[in-house]
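A short worksheet on the structure shown next.
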Amino acid sequence: IDGSNLTGISGGKILQVVHVNSNTHQSSTSTSYVDLSGLTATITPASSSNKILIICSIALSKSNNHSFLGRIVRDGSAISGAGGVTGKDQQDDGVWWNIRSTTYSANPSTVHYLDSPSTDSAVTYKVQGKTSSSSYQFSLNRTADDANLLYNSPGFSQITLMEVAG
């Protein structure tokens, strides 16, 4: 289909793309959010009415039957894409990933989100994560087991930011 003859359509054009790959290995037993190594990207929108499409994939392994909780923050503040927590005292607001994998697998898990930062200044997005139990680590871009075996082959993670014309 040739779109060159379409009329009356505006917005939705991709104006710029920022992409970061990370194969940095990281492990943590923190029950507070920590930055995930190499998963930070900055974009400067051309207009405050433009949106940022975030596509983020993390390769994560989690030991035992506990969760990795992950989120994306914009300029240091969590983006609550799913809305607030209602009526559940034990739930954590702003969670994008709730991963319960095995120690022998670092499968990628991907989220997409269309953000409205309402600025034409530089915006920095970071991926953060924590474990639900300090007794059991999470591992980024490698298996939690980390033995030198074929089935423990590492993965990689990435974040892509696309400015979409408003």
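In the structure tokens, chains take letters A, B, ... by order of appearance, with residues numbered from 1 within each chain and ligands from 1 in the order shown.
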
> Where does DSSP see strand (DSSP E or B) in range 9-166 of chain A, if you list the residues as a PyMOL selection string?
Replying inline: chain A and resi 14-22+26-28+34-43+51-62+68-74+77-78+97-99+107-115+123-131+138-140+157-164

Per residue of range 13-54 of chain A within 12 Å of range 134-145 of chain A, record the nearest atom pair and its distance in Å to one decimal, counting only C-alpha atoms, with rows in chain order and ascending residue number, as a Markdown table.
```
| residue | atom | partner | partner_atom | distance |
| --- | --- | --- | --- | --- |
| A:Asn21 | CA | A:Asn141 | CA | 10.8 |
| A:Ser22 | CA | A:Asn141 | CA | 8.0 |
| A:Asn23 | CA | A:Asn141 | CA | 5.9 |
| A:Thr24 | CA | A:Asn141 | CA | 6.5 |
| A:His25 | CA | A:Asn141 | CA | 5.3 |
| A:Gln26 | CA | A:Leu140 | CA | 5.1 |
| A:Ser27 | CA | A:Ser139 | CA | 4.3 |
| A:Ser28 | CA | A:Gln137 | CA | 5.3 |
| A:Thr29 | CA | A:Gln137 | CA | 4.4 |
| A:Ser30 | CA | A:Ser134 | CA | 5.9 |
| A:Thr31 | CA | A:Ser134 | CA | 5.9 |
| A:Ser32 | CA | A:Ser134 | CA | 9.6 |
| A:Tyr33 | CA | A:Phe138 | CA | 11.9 |
| A:Val34 | CA | A:Phe138 | CA | 11.4 |
| A:Asp35 | CA | A:Leu140 | CA | 11.1 |
| A:Leu36 | CA | A:Leu140 | CA | 7.6 |
| A:Ser37 | CA | A:Leu140 | CA | 8.3 |
| A:Gly38 | CA | A:Leu140 | CA | 10.4 |
| A:Leu39 | CA | A:Leu140 | CA | 10.6 |
```

Selection above as a file: C-alpha atoms, as a PDB file, in the first residue's frame:
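In the end it all went to out.pdb:
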```pdb
ATOM      1  CA  ASN A  21      21.711  -2.674  24.598  1.00  0.00           C
ATOM      2  CA  SER A  22      23.145  -4.078  27.819  1.00  0.00           C
ATOM      3  CA  ASN A  23      24.938  -7.368  28.322  1.00  0.00           C
ATOM      4  CA  THR A  24      26.325  -6.324  31.720  1.00  0.00           C
ATOM      5  CA  HIS A  25      25.848  -9.019  34.334  1.00  0.00           C
ATOM      6  CA  GLN A  26      24.332  -7.887  37.613  1.00  0.00           C
ATOM      7  CA  SER A  27      23.011  -9.702  40.678  1.00  0.00           C
ATOM      8  CA  SER A  28      21.261  -8.254  43.695  1.00  0.00           C
ATOM      9  CA  THR A  29      19.499  -9.317  46.866  1.00  0.00           C
ATOM     10  CA  SER A  30      18.124  -5.817  47.472  1.00  0.00           C
ATOM     11  CA  THR A  31      14.500  -5.524  48.559  1.00  0.00           C
ATOM     12  CA  SER A  32      14.633  -1.818  47.605  1.00  0.00           C
ATOM     13  CA  TYR A  33      14.703  -0.720  43.972  1.00  0.00           C
ATOM     14  CA  VAL A  34      18.177  -0.532  42.398  1.00  0.00           C
ATOM     15  CA  ASP A  35      19.132   0.684  38.920  1.00  0.00           C
ATOM     16  CA  LEU A  36      19.713  -2.153  36.447  1.00  0.00           C
ATOM     17  CA  SER A  37      23.155  -1.842  34.859  1.00  0.00           C
ATOM     18  CA  GLY A  38      23.232  -0.355  31.384  1.00  0.00           C
ATOM     19  CA  LEU A  39      19.478   0.191  31.118  1.00  0.00           C
TER      20      LEU A  39
END
```

>> Need to verify the contact set: Val127 in chain A, 12 Å, only C-alpha atoms, exclusion of same-chain residues closer than 3 positions in sequence. Can you return it as a PyMOL selection string?
In response: chain A and resi 20+22+33-41+54-58+69-79+94-97+111+124+130+140+157-160

> Using only C-alpha atoms, which residues sit within 7 Å of Val18 in chain A once same-chain residues fewer than 3 positions away are excluded, as a ChimeraX atom specification?
Replying inline: /A:43,160-162

> To one decimal place, how far is CA of Pro117 in chain A from CA of Val164 in chain A in Å?
Replying inline: 11.6 Å

>> Under the rule that only C-alpha atoms are counted, which of A:Ser133, A:Ser153, A:Ser47, A:Thr119 is the nearest residue to Leu60 in chain A?
In response: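 Counting only C-alpha atoms, the residue closest to Leu60 in chain A is A:Ser153.
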
> What gap, in Å, lies between CA of Ile99 in chain A and CA of Thr131 in chain A?
Replying inline: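 Those two atoms sit 9.6 Å apart.
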
> Taking only C-alpha atoms into account, which of A:Ser63, A:Thr42, A:Asn98, A:Ser109 comes nearest Lys126 in chain A?
Replying inline: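 Checking each of A:Ser63, A:Thr42, A:Asn98, A:Ser109 against Lys126 in chain A, counting only C-alpha atoms, the winner is A:Thr42.
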
>> Set the distance at 12 Å and use only C-alpha atoms: which residues neighbour Asn50 in chain A once local chain neighbours fewer than 6 positions away are removed? I'd like the list as a VMD selection string.
In response: chain A and resid 11 to 16 43 to 44 114 to 121 162 to 166

Atoms to include: N, CA, C and O atoms. Write the selected residues as a compact mmCIF listing (two decimals), in the first residue's frame.
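Just written: result.txt:
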```txt
# COMPACT_ATOMS: atom_id res chain seq x y z
N GLY A 11 0.06 13.31 12.99
CA GLY A 11 0.52 12.70 14.24
C GLY A 11 0.95 11.27 14.05
O GLY A 11 0.78 10.68 12.98
N GLY A 12 1.54 10.72 15.07
CA GLY A 12 1.94 9.33 15.05
C GLY A 12 3.23 9.03 14.34
O GLY A 12 3.65 7.90 14.28
N LYS A 13 3.90 10.06 13.81
CA LYS A 13 5.17 9.84 13.11
C LYS A 13 6.29 9.69 14.13
O LYS A 13 6.34 10.39 15.13
N ILE A 14 7.21 8.77 13.85
CA ILE A 14 8.38 8.58 14.70
C ILE A 14 9.41 9.65 14.32
O ILE A 14 9.85 9.71 13.17
N LEU A 15 9.79 10.47 15.28
CA LEU A 15 10.70 11.58 15.03
C LEU A 15 12.15 11.24 15.34
O LEU A 15 13.06 11.76 14.69
N GLN A 16 12.38 10.42 16.36
CA GLN A 16 13.73 10.00 16.70
C GLN A 16 13.67 8.71 17.51
O GLN A 16 12.64 8.39 18.11
N ILE A 43 16.34 10.98 26.11
CA ILE A 43 15.80 11.49 24.86
C ILE A 43 15.31 12.92 25.10
O ILE A 43 14.84 13.23 26.20
N THR A 44 15.46 13.78 24.11
CA THR A 44 14.98 15.16 24.20
C THR A 44 13.86 15.35 23.17
O THR A 44 14.14 15.44 21.97
N LEU A 114 3.39 3.85 26.18
CA LEU A 114 3.39 5.16 25.53
C LEU A 114 3.29 6.22 26.62
O LEU A 114 2.24 6.39 27.24
N ASP A 115 4.41 6.92 26.86
CA ASP A 115 4.51 7.89 27.94
C ASP A 115 4.26 9.30 27.41
O ASP A 115 4.57 9.61 26.27
N SER A 116 3.72 10.15 28.27
CA SER A 116 3.50 11.57 27.94
C SER A 116 4.28 12.43 28.93
O SER A 116 3.72 12.86 29.95
N PRO A 117 5.56 12.70 28.66
CA PRO A 117 6.36 13.45 29.61
C PRO A 117 6.03 14.95 29.67
O PRO A 117 6.44 15.63 30.61
N SER A 118 5.32 15.47 28.68
CA SER A 118 4.88 16.88 28.65
C SER A 118 6.04 17.85 28.82
O SER A 118 5.95 18.80 29.60
N THR A 119 7.13 17.62 28.10
CA THR A 119 8.28 18.50 28.15
C THR A 119 9.04 18.46 26.83
O THR A 119 8.91 17.49 26.07
N ASP A 120 9.81 19.51 26.57
CA ASP A 120 10.73 19.48 25.43
C ASP A 120 12.18 19.53 25.93
O ASP A 120 13.10 19.82 25.18
N SER A 121 12.36 19.22 27.21
CA SER A 121 13.69 19.09 27.81
C SER A 121 14.09 17.63 27.83
O SER A 121 13.25 16.74 27.69
N MET A 162 11.23 5.91 21.53
CA MET A 162 10.85 6.50 20.25
C MET A 162 9.97 7.71 20.49
O MET A 162 8.94 7.59 21.16
N GLU A 163 10.38 8.84 19.94
CA GLU A 163 9.55 10.04 20.06
C GLU A 163 8.47 9.97 18.98
O GLU A 163 8.76 9.81 17.79
N VAL A 164 7.23 10.08 19.42
CA VAL A 164 6.07 10.01 18.51
C VAL A 164 5.44 11.39 18.47
O VAL A 164 5.10 11.98 19.49
N ALA A 165 5.27 11.91 17.25
CA ALA A 165 4.68 13.24 17.08
C ALA A 165 3.27 13.26 17.64
O ALA A 165 2.48 12.35 17.41
N GLY A 166 2.96 14.33 18.40
CA GLY A 166 1.65 14.45 19.02
C GLY A 166 0.65 14.96 18.05
O GLY A 166 -0.52 14.85 18.10
```

Arg100 in chain A environment, 9 Å, only C-alpha atoms, sequence neighbours closer than 3 positions dropped, as a short mmCIF file (atom, residue, chain, number, x, y, z; two decimals) with N, CA and C atoms, in the first residue's frame:
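Result written to part-v1.cif:
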```cif
data_model
loop_
_atom_site.label_atom_id
_atom_site.label_comp_id
_atom_site.auth_asym_id
_atom_site.auth_seq_id
_atom_site.Cartn_x
_atom_site.Cartn_y
_atom_site.Cartn_z
N SER A 61 16.91 -13.73 35.55
CA SER A 61 16.79 -15.03 36.20
C SER A 61 16.58 -14.78 37.68
N LYS A 62 15.74 -15.59 38.28
CA LYS A 62 15.39 -15.41 39.69
C LYS A 62 15.52 -16.75 40.40
N SER A 63 16.21 -16.75 41.52
CA SER A 63 16.36 -18.01 42.24
C SER A 63 15.17 -18.28 43.16
N ASN A 64 14.81 -19.55 43.20
CA ASN A 64 13.72 -20.07 44.03
C ASN A 64 12.37 -19.43 43.73
N ASN A 65 11.41 -19.67 44.58
CA ASN A 65 10.03 -19.29 44.31
C ASN A 65 9.72 -17.90 44.88
N HIS A 66 10.48 -16.92 44.46
CA HIS A 66 10.28 -15.53 44.87
C HIS A 66 10.29 -14.66 43.63
N SER A 67 9.79 -13.43 43.75
CA SER A 67 9.62 -12.58 42.58
C SER A 67 10.70 -11.53 42.44
N PHE A 68 11.00 -11.21 41.18
CA PHE A 68 11.70 -9.99 40.83
C PHE A 68 10.61 -8.98 40.48
#
```

> Which parts of chain A does DSSP call helix (DSSP H, G or I) when run on the backbone here, written out as a list in words?
Replying inline: Gly3, Ser4, Asn5, Leu150, Tyr151 and Asn152 of chain A

> Which value, in Å to one decimal, gives the distance between CA of Phe156 in chain A and CA of Tyr104 in chain A?
Replying inline: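 Separating CA of Phe156 in chain A from CA of Tyr104 in chain A is a distance of 15.0 Å.
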